[in-house]
$ cat target.tsv   # TSV, C-alpha atoms and all ligand atoms
chain	number	residue	atom	x	y	z
A	1	MET	CA	-3.70	24.04	0.03
A	2	ALA	CA	-0.73	22.38	-1.64
A	3	GLU	CA	-1.37	19.22	-3.60
A	4	ILE	CA	-0.68	16.23	-1.40
A	5	PHE	CA	-1.22	13.42	-3.89
A	6	LEU	CA	0.98	12.35	-6.74
A	7	LYS	CA	-1.28	11.93	-9.75
A	8	ASN	CA	1.02	10.15	-12.18
A	9	ALA	CA	1.33	7.00	-10.12
A	10	TRP	CA	-0.23	3.57	-9.87
A	11	TYR	CA	-2.41	3.21	-6.79
A	12	CYS	CA	-3.47	-0.16	-5.46
A	13	ALA	CA	-7.24	-0.65	-5.48
A	14	GLY	CA	-7.15	-3.98	-3.67
A	15	TRP	CA	-6.53	-7.67	-4.13
A	16	ASP	CA	-7.75	-9.09	-7.44
A	17	HIS	CA	-10.28	-11.39	-5.75
A	18	MET	CA	-12.10	-8.34	-4.33
A	19	VAL	CA	-13.49	-7.55	-7.79
A	20	HIS	CA	-14.95	-10.70	-9.32
A	21	GLN	CA	-17.42	-11.82	-11.96
A	22	GLY	CA	-20.44	-11.82	-9.65
A	23	ARG	CA	-23.44	-9.78	-10.81
A	24	LYS	CA	-23.15	-7.55	-7.75
A	25	SER	CA	-19.37	-7.26	-7.74
A	26	ILE	CA	-19.19	-3.53	-8.44
A	27	VAL	CA	-16.64	-2.10	-6.06
A	28	ALA	CA	-16.45	1.50	-4.86
A	29	ARG	CA	-13.10	2.97	-3.87
A	30	LYS	CA	-11.79	6.42	-3.10
A	31	ILE	CA	-8.24	6.86	-4.34
A	32	ALA	CA	-6.26	10.05	-3.80
A	33	GLY	CA	-9.49	11.97	-3.33
A	34	VAL	CA	-11.21	10.58	-6.42
A	35	ARG	CA	-14.13	8.18	-6.35
A	36	VAL	CA	-13.52	5.13	-8.50
A	37	VAL	CA	-15.78	2.21	-9.40
A	38	LEU	CA	-14.28	-1.12	-10.41
A	39	TYR	CA	-15.89	-4.07	-12.16
A	40	ARG	CA	-14.97	-6.92	-14.47
A	41	LYS	CA	-16.16	-7.40	-18.02
A	42	PRO	CA	-17.42	-10.85	-19.04
A	43	ASP	CA	-13.97	-11.64	-20.47
A	44	GLY	CA	-12.48	-10.95	-17.02
A	45	GLY	CA	-10.92	-7.61	-17.97
A	46	MET	CA	-10.93	-5.01	-15.22
A	47	VAL	CA	-12.64	-1.63	-15.69
A	48	ALA	CA	-12.04	1.48	-13.57
A	49	LEU	CA	-14.35	4.48	-14.04
A	50	GLU	CA	-15.05	7.56	-11.99
A	51	ASP	CA	-17.77	6.63	-9.54
A	52	ARG	CA	-19.84	9.66	-10.36
A	53	CYS	CA	-22.52	9.83	-13.04
A	54	PRO	CA	-22.15	12.95	-15.22
A	55	HIS	CA	-25.93	13.48	-15.11
A	56	ARG	CA	-26.62	14.15	-11.42
A	57	GLN	CA	-23.57	12.68	-9.70
A	58	ALA	CA	-25.25	9.45	-8.68
A	59	ALA	CA	-22.88	6.68	-7.60
A	60	LEU	CA	-22.20	4.40	-10.53
A	61	SER	CA	-21.17	1.79	-7.98
A	62	LEU	CA	-24.91	1.49	-7.29
A	63	GLY	CA	-25.31	0.61	-10.95
A	64	ARG	CA	-25.77	-2.58	-12.95
A	65	LYS	CA	-23.28	-4.48	-15.10
A	66	GLU	CA	-24.59	-5.03	-18.64
A	67	GLY	CA	-22.04	-6.90	-20.72
A	68	ASP	CA	-18.94	-4.72	-20.88
A	69	SER	CA	-20.93	-1.65	-19.80
A	70	LEU	CA	-22.21	-0.15	-16.58
A	71	ARG	CA	-25.67	1.38	-16.27
A	72	CYS	CA	-26.42	4.15	-13.77
A	73	MET	CA	-29.43	2.95	-11.84
A	74	TYR	CA	-30.78	6.42	-11.12
A	75	HIS	CA	-32.04	7.47	-14.57
A	76	GLY	CA	-30.55	4.67	-16.62
A	77	MET	CA	-27.68	6.21	-18.56
A	78	LYS	CA	-25.39	3.47	-19.78
A	79	PHE	CA	-21.60	3.81	-20.10
A	80	ARG	CA	-19.10	1.73	-22.01
A	81	SER	CA	-15.96	0.49	-20.31
A	82	ASP	CA	-14.06	3.42	-21.86
A	83	GLY	CA	-16.50	5.81	-20.15
A	84	VAL	CA	-18.38	6.86	-23.28
A	85	CYS	CA	-22.17	7.04	-22.85
A	86	GLU	CA	-23.96	4.71	-25.23
A	87	GLU	CA	-27.55	5.16	-24.11
A	88	ILE	CA	-29.76	7.79	-22.48
A	89	PRO	CA	-33.25	6.41	-21.90
A	90	GLY	CA	-35.92	8.70	-23.41
A	91	GLN	CA	-33.75	10.43	-26.01
A	92	ASP	CA	-31.81	9.61	-29.15
A	93	THR	CA	-29.05	12.16	-28.96
A	94	ILE	CA	-26.18	11.78	-26.57
A	95	PRO	CA	-24.32	14.96	-25.58
A	96	GLU	CA	-20.61	14.76	-26.24
A	97	LYS	CA	-19.85	15.58	-22.63
A	98	ALA	CA	-21.99	12.71	-21.33
A	99	CYS	CA	-19.03	10.54	-20.47
A	100	VAL	CA	-17.26	9.28	-17.41
A	101	ARG	CA	-13.54	9.42	-16.76
A	102	ALA	CA	-11.94	6.04	-17.38
A	103	PHE	CA	-8.69	5.14	-15.60
A	104	PRO	CA	-5.92	2.86	-16.86
A	105	VAL	CA	-6.06	-0.30	-14.76
A	106	VAL	CA	-3.67	-3.24	-14.58
A	107	GLU	CA	-3.60	-6.41	-12.52
A	108	LYS	CA	-0.16	-7.50	-11.35
A	109	ASP	CA	0.99	-9.77	-8.54
A	110	ASN	CA	-2.68	-10.23	-7.53
A	111	TRP	CA	-3.05	-6.53	-6.88
A	112	ILE	CA	-5.28	-4.18	-8.90
A	113	TRP	CA	-3.44	-1.00	-9.93
A	114	VAL	CA	-5.19	2.19	-11.07
A	115	TRP	CA	-3.35	5.11	-12.71
A	116	MET	CA	-4.72	8.37	-11.34
A	117	GLY	CA	-2.89	10.79	-13.65
A	118	ASP	CA	-2.46	11.46	-17.34
A	119	PRO	CA	-3.47	8.21	-19.16
A	120	ALA	CA	-0.78	8.85	-21.77
A	121	LYS	CA	1.84	8.46	-19.04
A	122	ALA	CA	0.44	5.23	-17.60
A	123	ASP	CA	3.52	3.05	-17.94
A	124	PRO	CA	2.98	-0.42	-16.38
A	125	ASN	CA	6.74	-0.56	-15.79
A	126	LEU	CA	6.17	1.98	-13.02
A	127	ILE	CA	4.12	-0.53	-11.02
A	128	CYS	CA	6.20	-1.45	-8.00
A	129	PHE	CA	8.03	-4.72	-7.72
A	130	SER	CA	6.24	-7.15	-5.44
A	131	VAL	CA	5.77	-10.84	-4.79
A	132	GLY	CA	2.13	-11.85	-5.18
A	133	PRO	CA	0.34	-14.45	-3.10
A	134	GLY	CA	0.17	-16.57	-6.25
A	135	GLU	CA	3.96	-16.58	-6.68
A	136	LYS	CA	5.40	-20.07	-7.03
A	137	GLY	CA	7.67	-21.06	-4.15
A	138	TRP	CA	6.06	-18.69	-1.65
A	139	ASN	CA	3.08	-18.95	0.69
A	140	LEU	CA	1.96	-15.38	1.18
A	141	LYS	CA	-1.25	-14.74	3.13
A	142	THR	CA	-3.22	-11.59	2.31
A	143	SER	CA	-5.30	-9.15	4.28
A	144	GLN	CA	-6.42	-5.53	4.35
A	145	MET	CA	-7.37	-2.76	6.73
A	146	HIS	CA	-8.90	0.72	6.64
A	147	VAL	CA	-7.12	3.33	8.75
A	148	GLU	CA	-8.33	6.84	9.56
A	149	THR	CA	-5.07	8.65	9.06
A	150	ASN	CA	-3.18	10.69	6.50
A	151	TYR	CA	-0.99	8.54	4.25
A	152	ARG	CA	2.05	10.67	5.03
A	153	TRP	CA	1.88	9.41	8.63
A	154	GLU	CA	1.81	5.87	7.21
A	155	ILE	CA	4.94	6.68	5.19
A	156	GLU	CA	6.61	7.92	8.38
A	157	ASN	CA	5.54	4.75	10.13
A	158	LEU	CA	6.82	2.36	7.47
A	159	ALA	CA	10.06	4.22	6.80
A	160	ASP	CA	11.12	4.01	10.44
A	161	LEU	CA	10.93	0.55	12.00
A	162	SER	CA	12.41	1.66	15.31
A	163	HIS	CA	8.78	1.70	16.40
A	164	LEU	CA	8.85	-2.14	16.44
A	165	THR	CA	10.32	-1.92	19.92
A	166	TRP	CA	7.44	0.14	21.23
A	167	VAL	CA	4.24	-0.18	19.17
A	168	HIS	CA	4.75	-3.87	18.46
A	169	GLU	CA	6.12	-4.92	21.81
A	170	LYS	CA	3.91	-8.04	21.93
A	171	THR	CA	3.63	-8.95	18.23
A	172	VAL	CA	6.42	-8.30	15.71
A	173	GLY	CA	8.93	-6.40	17.82
A	174	GLY	CA	9.65	-5.76	21.45
A	175	ASP	CA	13.41	-6.24	21.55
A	176	PRO	CA	15.20	-2.97	22.43
A	177	ALA	CA	17.54	-3.63	19.47
A	178	TYR	CA	14.94	-2.29	17.03
A	179	GLY	CA	15.04	1.05	18.78
A	180	GLN	CA	18.80	1.18	18.13
A	181	ILE	CA	18.82	0.47	14.38
A	182	ARG	CA	21.05	2.45	12.00
A	183	PRO	CA	19.66	1.57	8.55
A	184	LYS	CA	21.50	2.09	5.28
A	185	TYR	CA	19.45	4.15	2.85
A	186	GLN	CA	19.56	4.52	-0.90
A	187	ILE	CA	17.29	7.06	-2.56
A	188	THR	CA	15.86	5.81	-5.87
A	189	PRO	CA	14.03	7.80	-8.58
A	190	ARG	CA	10.66	6.88	-7.05
A	191	GLY	CA	11.43	5.84	-3.51
A	192	LEU	CA	13.86	4.63	-0.92
A	193	ASN	CA	15.70	1.36	-0.37
A	194	THR	CA	16.50	0.56	3.23
A	195	ILE	CA	18.48	-2.29	4.73
A	196	PHE	CA	19.44	-3.11	8.27
A	197	TRP	CA	20.22	-6.05	10.52
A	198	VAL	CA	19.32	-6.66	14.10
A	199	ARG	CA	21.61	-9.22	15.75
A	200	SER	CA	20.99	-11.72	18.46
A	201	VAL	CA	17.43	-10.72	19.29
A	202	ASP	CA	14.70	-12.83	20.86
A	203	PRO	CA	12.08	-14.27	18.47
A	204	THR	CA	9.18	-11.80	18.43
A	205	GLY	CA	6.25	-12.35	20.74
A	206	ALA	CA	3.90	-13.78	18.13
A	207	VAL	CA	6.20	-16.68	17.25
A	208	SER	CA	8.45	-17.00	20.32
A	209	HIS	CA	6.61	-20.13	21.54
A	210	LEU	CA	7.75	-21.98	18.39
A	211	PHE	CA	11.43	-21.71	19.29
A	212	PRO	CA	13.39	-23.40	22.09
A	213	PRO	CA	13.92	-21.17	25.12
A	214	GLY	CA	17.02	-19.03	24.78
A	215	THR	CA	16.87	-18.89	20.96
A	216	LYS	CA	18.47	-15.77	19.53
A	217	LEU	CA	18.08	-14.62	15.94
A	218	ASP	CA	19.88	-12.39	13.45
A	219	ILE	CA	17.26	-10.67	11.30
A	220	CYS	CA	17.69	-8.85	8.01
A	221	PHE	CA	15.18	-6.21	6.91
A	222	ASP	CA	15.58	-5.36	3.20
A	223	ILE	CA	12.94	-2.87	2.05
A	224	GLN	CA	11.93	-1.24	-1.22
A	225	HIS	CA	9.63	1.70	-0.55
A	226	THR	CA	8.14	3.44	-3.60
A	227	VAL	CA	5.59	6.16	-4.20
A	228	PRO	CA	2.85	6.67	-3.31
A	229	CYS	CA	3.43	4.20	-0.45
A	230	ASN	CA	4.31	0.71	-1.63
A	231	TRP	CA	6.47	-1.15	0.86
A	232	ILE	CA	8.02	-4.46	-0.11
A	233	MET	CA	10.27	-6.24	2.37
A	234	ARG	CA	12.39	-9.36	2.29
A	235	PHE	CA	12.57	-10.45	5.93
A	236	ARG	CA	14.99	-13.22	6.77
A	237	ALA	CA	15.74	-14.64	10.20
A	238	PHE	CA	18.83	-16.72	11.01
A	239	THR	CA	19.91	-18.39	14.20
A	240	ALA	CA	22.28	-15.88	15.74
A	241	GLY	CA	25.77	-16.18	14.32
A	242	THR	CA	28.96	-14.39	15.14
A	243	ALA	CA	28.95	-11.92	12.22
A	244	THR	CA	28.57	-8.30	13.24
A	245	GLU	CA	28.56	-6.87	9.69
A	246	GLY	CA	26.91	-8.08	6.48
A	247	GLU	CA	25.23	-11.48	6.08
A	248	SER	CA	24.67	-13.58	9.16
A	249	ASN	CA	26.67	-16.79	9.39
A	250	GLY	CA	23.84	-18.42	11.33
A	251	LYS	CA	21.37	-20.92	9.87
A	252	LEU	CA	18.48	-19.51	7.83
A	253	VAL	CA	15.31	-20.17	9.83
A	254	VAL	CA	12.67	-18.28	7.85
A	255	ASP	CA	12.87	-16.54	4.51
A	256	THR	CA	9.82	-14.34	3.94
A	257	TRP	CA	8.36	-11.58	1.82
A	258	THR	CA	5.86	-9.08	3.07
A	259	CYS	CA	4.28	-6.91	0.40
A	260	GLN	CA	2.33	-3.90	1.55
A	261	THR	CA	0.69	-0.95	-0.10
A	262	VAL	CA	-1.02	2.01	1.50
A	263	THR	CA	-3.53	3.75	-0.76
A	264	PRO	CA	-4.69	7.18	0.37
A	265	CYS	CA	-8.46	7.44	0.05
A	266	ASP	CA	-8.35	11.13	0.92
A	267	GLU	CA	-6.47	13.30	3.40
A	268	ASP	CA	-7.97	11.50	6.37
A	269	SER	CA	-7.97	7.82	5.54
A	270	VAL	CA	-6.13	5.03	3.78
A	271	ASP	CA	-6.79	1.52	2.56
A	272	TYR	CA	-3.96	-0.81	3.43
A	273	TYR	CA	-3.42	-4.07	1.52
A	274	TYR	CA	-0.71	-6.45	2.72
A	275	SER	CA	0.68	-9.96	2.73
A	276	TRP	CA	3.30	-11.97	4.55
A	277	GLY	CA	4.55	-15.50	4.26
A	278	CYS	CA	7.46	-17.92	3.94
A	279	SER	CA	9.33	-19.52	1.12
A	280	ASP	CA	8.49	-23.19	0.51
A	281	SER	CA	12.01	-24.08	1.55
A	282	THR	CA	11.74	-22.51	5.02
A	283	GLU	CA	8.03	-23.10	5.63
A	284	PHE	CA	7.03	-25.18	8.59
A	285	PRO	CA	3.48	-26.17	9.55
A	286	GLY	CA	1.27	-23.14	10.03
A	287	MET	CA	4.08	-20.58	9.89
A	288	SER	CA	2.79	-18.54	6.92
A	289	ASN	CA	-0.72	-18.49	8.37
A	290	LEU	CA	0.71	-17.34	11.67
A	291	LEU	CA	2.72	-14.56	10.02
A	292	GLY	CA	-0.32	-13.41	8.01
A	293	GLY	CA	-2.49	-13.31	11.13
A	294	THR	CA	0.24	-11.56	13.08
A	295	LEU	CA	0.22	-8.69	10.60
A	296	ASP	CA	-3.49	-8.12	11.29
A	297	GLU	CA	-2.66	-7.84	14.97
A	298	ALA	CA	0.40	-5.67	14.42
A	299	PHE	CA	-1.38	-3.29	12.05
A	300	THR	CA	-4.22	-2.92	14.52
A	301	GLU	CA	-1.53	-1.68	16.92
A	302	ASP	CA	-0.31	0.78	14.25
A	303	LYS	CA	-3.90	1.80	13.48
A	304	ILE	CA	-4.56	2.75	17.10
A	305	MET	CA	-1.35	4.80	17.22
A	306	LEU	CA	-1.79	6.44	13.80
A	307	GLU	CA	-5.45	7.35	14.25
A	308	ALA	CA	-4.84	9.00	17.61
A	309	GLN	CA	-1.83	10.80	16.12
A	310	HIS	CA	-3.88	12.00	13.14
A	311	VAL	CA	-6.51	13.52	15.42
A	312	ARG	CA	-3.80	15.48	17.19
A	313	ARG	CA	-2.00	16.60	14.03
A	314	LYS	CA	-5.30	17.88	12.67
A	315	GLU	CA	-6.03	19.72	15.89
A	316	GLU	CA	-2.72	21.56	15.73
A	317	PRO	CA	-1.40	21.33	12.17
A	318	ASN	CA	1.01	24.22	12.59
A	319	ARG	CA	2.63	23.03	15.76
A	320	LYS	CA	6.39	22.79	15.29
A	321	LEU	CA	7.58	19.20	15.58
A	322	ILE	CA	11.00	18.10	16.74
A	323	ASN	CA	13.13	15.72	14.70
A	324	ILE	CA	15.14	12.80	16.03
A	325	GLY	CA	17.68	10.51	14.37
A	326	HIS	CA	15.08	7.92	13.39
A	327	ASP	CA	13.32	10.51	11.23
A	328	ALA	CA	16.03	10.13	8.56
A	329	GLY	CA	14.17	7.40	6.63
A	330	PRO	CA	10.77	9.11	6.73
A	331	GLY	CA	12.42	12.42	5.75
A	332	LYS	CA	14.05	10.87	2.69
A	333	MET	CA	10.93	9.03	1.53
A	334	LEU	CA	8.73	12.11	1.95
A	335	TRP	CA	11.37	14.18	0.16
A	336	VAL	CA	11.16	11.87	-2.88
A	337	LEU	CA	7.36	11.99	-2.83
A	338	ASP	CA	7.24	15.77	-2.47
A	339	LYS	CA	9.85	16.23	-5.20
A	340	LEU	CA	7.72	14.19	-7.62
A	341	ILE	CA	4.58	16.07	-6.61
A	342	ARG	CA	6.34	19.40	-7.19
A	343	GLU	CA	7.74	18.30	-10.54
A	344	GLU	CA	4.31	17.14	-11.59
A	345	ALA	CA	2.92	20.54	-10.67
A	346	GLY	CA	5.63	22.18	-12.79
A	347	GLY	CA	7.68	23.41	-9.87
A	348	MET	CA	11.41	23.10	-9.53
A	349	PRO	CA	12.69	20.36	-7.27
A	350	THR	CA	14.54	21.58	-4.20
A	351	GLN	CA	16.54	19.95	-1.44
A	352	GLN	CA	13.93	20.97	1.09
A	353	GLY	CA	12.94	18.19	3.42
A	354	VAL	CA	16.19	16.20	3.32
A	355	THR	CA	16.95	15.36	6.87
A	356	ALA	CA	20.06	13.26	6.53
A	401	LIG	S1	-27.66	10.44	-12.14
A	401	LIG	FE1	-27.03	8.86	-13.45
A	401	LIG	S2	-28.55	8.77	-14.96
A	401	LIG	FE2	-29.19	10.37	-13.66
A	402	FE	FE	4.12	-0.84	12.63
$ encode --input "target.tsv" --output "structure tokens" --more "lines below"
Ligand code: FES
Ligand SMILES: [Fe+2]
Amino acid sequence: MAEIFLKNAWYCAGWDHMVHQGRKSIVARKIAGVRVVLYRKPDGGMVALEDRCPHRQAALSLGRKEGDSLRCMYHGMKFRSDGVCEEIPGQDTIPEKACVRAFPVVEKDNWIWVWMGDPAKADPNLICFSVGPGEKGWNLKTSQMHVETNYRWEIENLADLSHLTWVHEKTVGGDPAYGQIRPKYQITPRGLNTIFWVRSVDPTGAVSHLFPPGTKLDICFDIQHTVPCNWIMRFRAFTAGTATEGESNGKLVVDTWTCQTVTPCDEDSVDYYYSWGCSDSTEFPGMSNLLGGTLDEAFTEDKIMLEAQHVRRKEEPNRKLINIGHDAGPGKMLWVLDKLIREEAGGMPTQQGVTA
């Protein structure tokens, strides 16, 4: 089967608070098919090792932190934070191969990023732009969700927001205008920028009670999507103005960022980490909390749709699918991903997969 994961990429392993200094804070993840264990050293530095002891494949995530090191609690082999074995109980010699793969790991914007490819190519500048929940001037609320789907279906989902009309009828969408969007796309070396406006729409269901009856909004969606599946959106809502192109001439009501990353665990599941919230200057009581909670609801709606879809796509993987206009964004984003995967595998990039 063709490789479906890009190796030379930073994958999010969660929010920084998920791996803390507690004795038992040894966190197991599966990232792009590889088991990873995360823990912090006493100085706070993050360690990412393969979660698989080289002796008998015990889970190192069932191990014990000892200073900077991690001890396998099956037969007691102890590994340094660089993966080198420093102790084998009952013997003095340590075989050269008795080591664990160590992954480059960086914390940025309150996310933990693990590089799953060649360590020599682990350039922190390739970590996606985002706005962390600790960012001054913003009130982003964080959450996470596990979804039993293939991450490519998540890419399709996030690269085509026409589904807001249908999947998110009661939460973050509903207005028929979302089903009519004609986004502007710009392919980037590692992703896709997308921008579109919807004009004169009702406030979405989750927040509609906060606005006077009859309120109409102009909303700008400005998205940076990068591989493997990082999705960062500036979402601004204005009272509906008269502009039909470009910036709204209405009054800015909420200025928000939502920062989302979908990490494939394997071919059949993903871990999704996300945030949403307002700028200080457009915050009003409870709004950021409401937006954060609304994402949990909205992504449960996506989860139901994506999991049922995944079951069907696995049942009939070779069934020919039809394309519609809204597939342009997903087609472009998947084209960029597949091009990078092919290049990594030494293949020549082709135009295959470009839909528009
Ligand atoms: S399996 Fe880890 S020490 Fe034996
Ligand atoms: Fe959605």
$ residues_near_point --input "target.tsv" --point "(2.0, 17.2, 3.6)" --cutoff "12 Å" --atoms "only C-alpha atoms" --output "number ranges by chain"
A: 1-6, 150-156, 267-268, 313-314, 317-318, 331, 334-335, 337-339, 341-342, 353
$ residues_near_ligand --input "target.tsv" --ligand "ligand LIG 401 (chain A)" --cutoff "9 Å" --atoms "only C-alpha atoms and all ligand atoms" --output "number ranges by chain"
A: 52-60, 63, 71-78, 88-89
$ residues_near_ligand --input "target.tsv" --ligand "ligand FE 402 (chain A)" --cutoff "10 Å" --atoms "only C-alpha atoms and all ligand atoms" --output "PyMOL selection string"
chain A and resi 154+157-168+171-173+295+298-303+305-306
$ residues_around --input "target.tsv" --residues "range 238-244 of chain A" --least-positions-apart "6" --cutoff "12 Å" --atoms "all atoms listed in the file" --output "list in words"
Phe196, Trp197, Val198, Arg199, Ser200, Val201, Asp202, Pro203, Phe211, Pro212, Gly214, Thr215, Lys216, Leu217, Asp218, Ile219, Cys220, Phe221, Gly250, Lys251, Leu252, Val253, Val254, Asp255, Thr256 and Thr282 of chain A
$ atom_distance --input "target.tsv" --atom1 "CA of Val36 in chain A" --atom2 "CA of Gly117 in chain A"
13.1 Å
$ axis_aligned_box --input "target.tsv" --around "range 93-106 of chain A" --padding-each-side "8 Å" --output "lines of an AutoDock Vina configuration file"
center_x = -16.4
center_y = 6.2
center_z = -21.8
size_x = 41.4
size_y = 34.8
size_z = 30.4
$ residues_around --input "target.tsv" --residues "Gly191 in chain A" --least-positions-apart "5" --cutoff "9 Å" --atoms "all atoms listed in the file" --output "PDB file with C-alpha atoms, in the coordinates of the input"
ATOM      1  CA  GLN A 186      19.560   4.520  -0.900  1.00  0.00           C
ATOM      2  CA  GLN A 224      11.930  -1.240  -1.220  1.00  0.00           C
ATOM      3  CA  HIS A 225       9.630   1.700  -0.550  1.00  0.00           C
ATOM      4  CA  THR A 226       8.140   3.440  -3.600  1.00  0.00           C
ATOM      5  CA  VAL A 227       5.590   6.160  -4.200  1.00  0.00           C
ATOM      6  CA  PRO A 228       2.850   6.670  -3.310  1.00  0.00           C
ATOM      7  CA  CYS A 229       3.430   4.200  -0.450  1.00  0.00           C
ATOM      8  CA  ASN A 230       4.310   0.710  -1.630  1.00  0.00           C
ATOM      9  CA  LYS A 332      14.050  10.870   2.690  1.00  0.00           C
ATOM     10  CA  MET A 333      10.930   9.030   1.530  1.00  0.00           C
ATOM     11  CA  LEU A 334       8.730  12.110   1.950  1.00  0.00           C
ATOM     12  CA  VAL A 336      11.160  11.870  -2.880  1.00  0.00           C
ATOM     13  CA  LEU A 337       7.360  11.990  -2.830  1.00  0.00           C
TER      14      LEU A 337
END
$ atom_distance --input "target.tsv" --atom1 "CA of Ala206 in chain A" --atom2 "CA of Asp109 in chain A"
27.1 Å
$ closest_residue --input "target.tsv" --among "A:Asp123, A:Gly83, A:Ile26, A:Leu340" --to "Thr188 in chain A" --atoms "all atoms listed in the file"
A:Leu340
$ closest_residue --input "target.tsv" --among "A:Ser130, A:Asn323, A:Thr142, A:Thr194" --to "His17 in chain A" --atoms "only C-alpha atoms"
A:Thr142
$ closest_residue --input "target.tsv" --among "A:Asp222, A:Glu169, A:Glu315, A:Asp271" --to "Gly205 in chain A" --atoms "only C-alpha atoms"
A:Glu169
$ atom_distance --input "target.tsv" --atom1 "CA of Ser248 in chain A" --atom2 "CA of Phe235 in chain A"
12.9 Å
$ residues_around --input "target.tsv" --residues "Cys265 in chain A" --least-positions-apart "5" --cutoff "12 Å" --atoms "only C-alpha atoms" --output "JSON list (two decimals) with C-alpha atoms, keeping the file's coordinate frame"
[["chain", "number", "residue", "atom", "x", "y", "z"],
["A", 4, "ILE", "CA", -0.68, 16.23, -1.40],
["A", 5, "PHE", "CA", -1.22, 13.42, -3.89],
["A", 11, "TYR", "CA", -2.41, 3.21, -6.79],
["A", 12, "CYS", "CA", -3.47, -0.16, -5.46],
["A", 13, "ALA", "CA", -7.24, -0.65, -5.48],
["A", 28, "ALA", "CA", -16.45, 1.50, -4.86],
["A", 29, "ARG", "CA", -13.10, 2.97, -3.87],
["A", 30, "LYS", "CA", -11.79, 6.42, -3.10],
["A", 31, "ILE", "CA", -8.24, 6.86, -4.34],
["A", 32, "ALA", "CA", -6.26, 10.05, -3.80],
["A", 33, "GLY", "CA", -9.49, 11.97, -3.33],
["A", 34, "VAL", "CA", -11.21, 10.58, -6.42],
["A", 35, "ARG", "CA", -14.13, 8.18, -6.35],
["A", 36, "VAL", "CA", -13.52, 5.13, -8.50],
["A", 146, "HIS", "CA", -8.90, 0.72, 6.64],
["A", 147, "VAL", "CA", -7.12, 3.33, 8.75],
["A", 148, "GLU", "CA", -8.33, 6.84, 9.56],
["A", 149, "THR", "CA", -5.07, 8.65, 9.06],
["A", 150, "ASN", "CA", -3.18, 10.69, 6.50],
["A", 151, "TYR", "CA", -0.99, 8.54, 4.25],
["A", 228, "PRO", "CA", 2.85, 6.67, -3.31],
["A", 270, "VAL", "CA", -6.13, 5.03, 3.78],
["A", 271, "ASP", "CA", -6.79, 1.52, 2.56],
["A", 272, "TYR", "CA", -3.96, -0.81, 3.43]]
$ closest_residue --input "target.tsv" --among "A:Val27, A:Ile304, A:Ile187, A:Leu62" --to "Val47 in chain A" --atoms "only C-alpha atoms"
A:Val27
$ residues_around --input "target.tsv" --residues "range 283-292 of chain A" --least-positions-apart "2" --cutoff "8 Å" --atoms "all atoms listed in the file" --output "PyMOL selection string"
chain A and resi 139-143+207+254+275-281+294-296
$ write_last_selection --input "target.tsv" --atoms "C-alpha atoms" --output "short mmCIF file (atom, residue, chain, number, x, y, z; two decimals), in the coordinates of the input"
data_model
loop_
_atom_site.label_atom_id
_atom_site.label_comp_id
_atom_site.auth_asym_id
_atom_site.auth_seq_id
_atom_site.Cartn_x
_atom_site.Cartn_y
_atom_site.Cartn_z
CA ASN A 139 3.08 -18.95 0.69
CA LEU A 140 1.96 -15.38 1.18
CA LYS A 141 -1.25 -14.74 3.13
CA THR A 142 -3.22 -11.59 2.31
CA SER A 143 -5.30 -9.15 4.28
CA VAL A 207 6.20 -16.68 17.25
CA VAL A 254 12.67 -18.28 7.85
CA SER A 275 0.68 -9.96 2.73
CA TRP A 276 3.30 -11.97 4.55
CA GLY A 277 4.55 -15.50 4.26
CA CYS A 278 7.46 -17.92 3.94
CA SER A 279 9.33 -19.52 1.12
CA ASP A 280 8.49 -23.19 0.51
CA SER A 281 12.01 -24.08 1.55
CA THR A 294 0.24 -11.56 13.08
CA LEU A 295 0.22 -8.69 10.60
CA ASP A 296 -3.49 -8.12 11.29
#
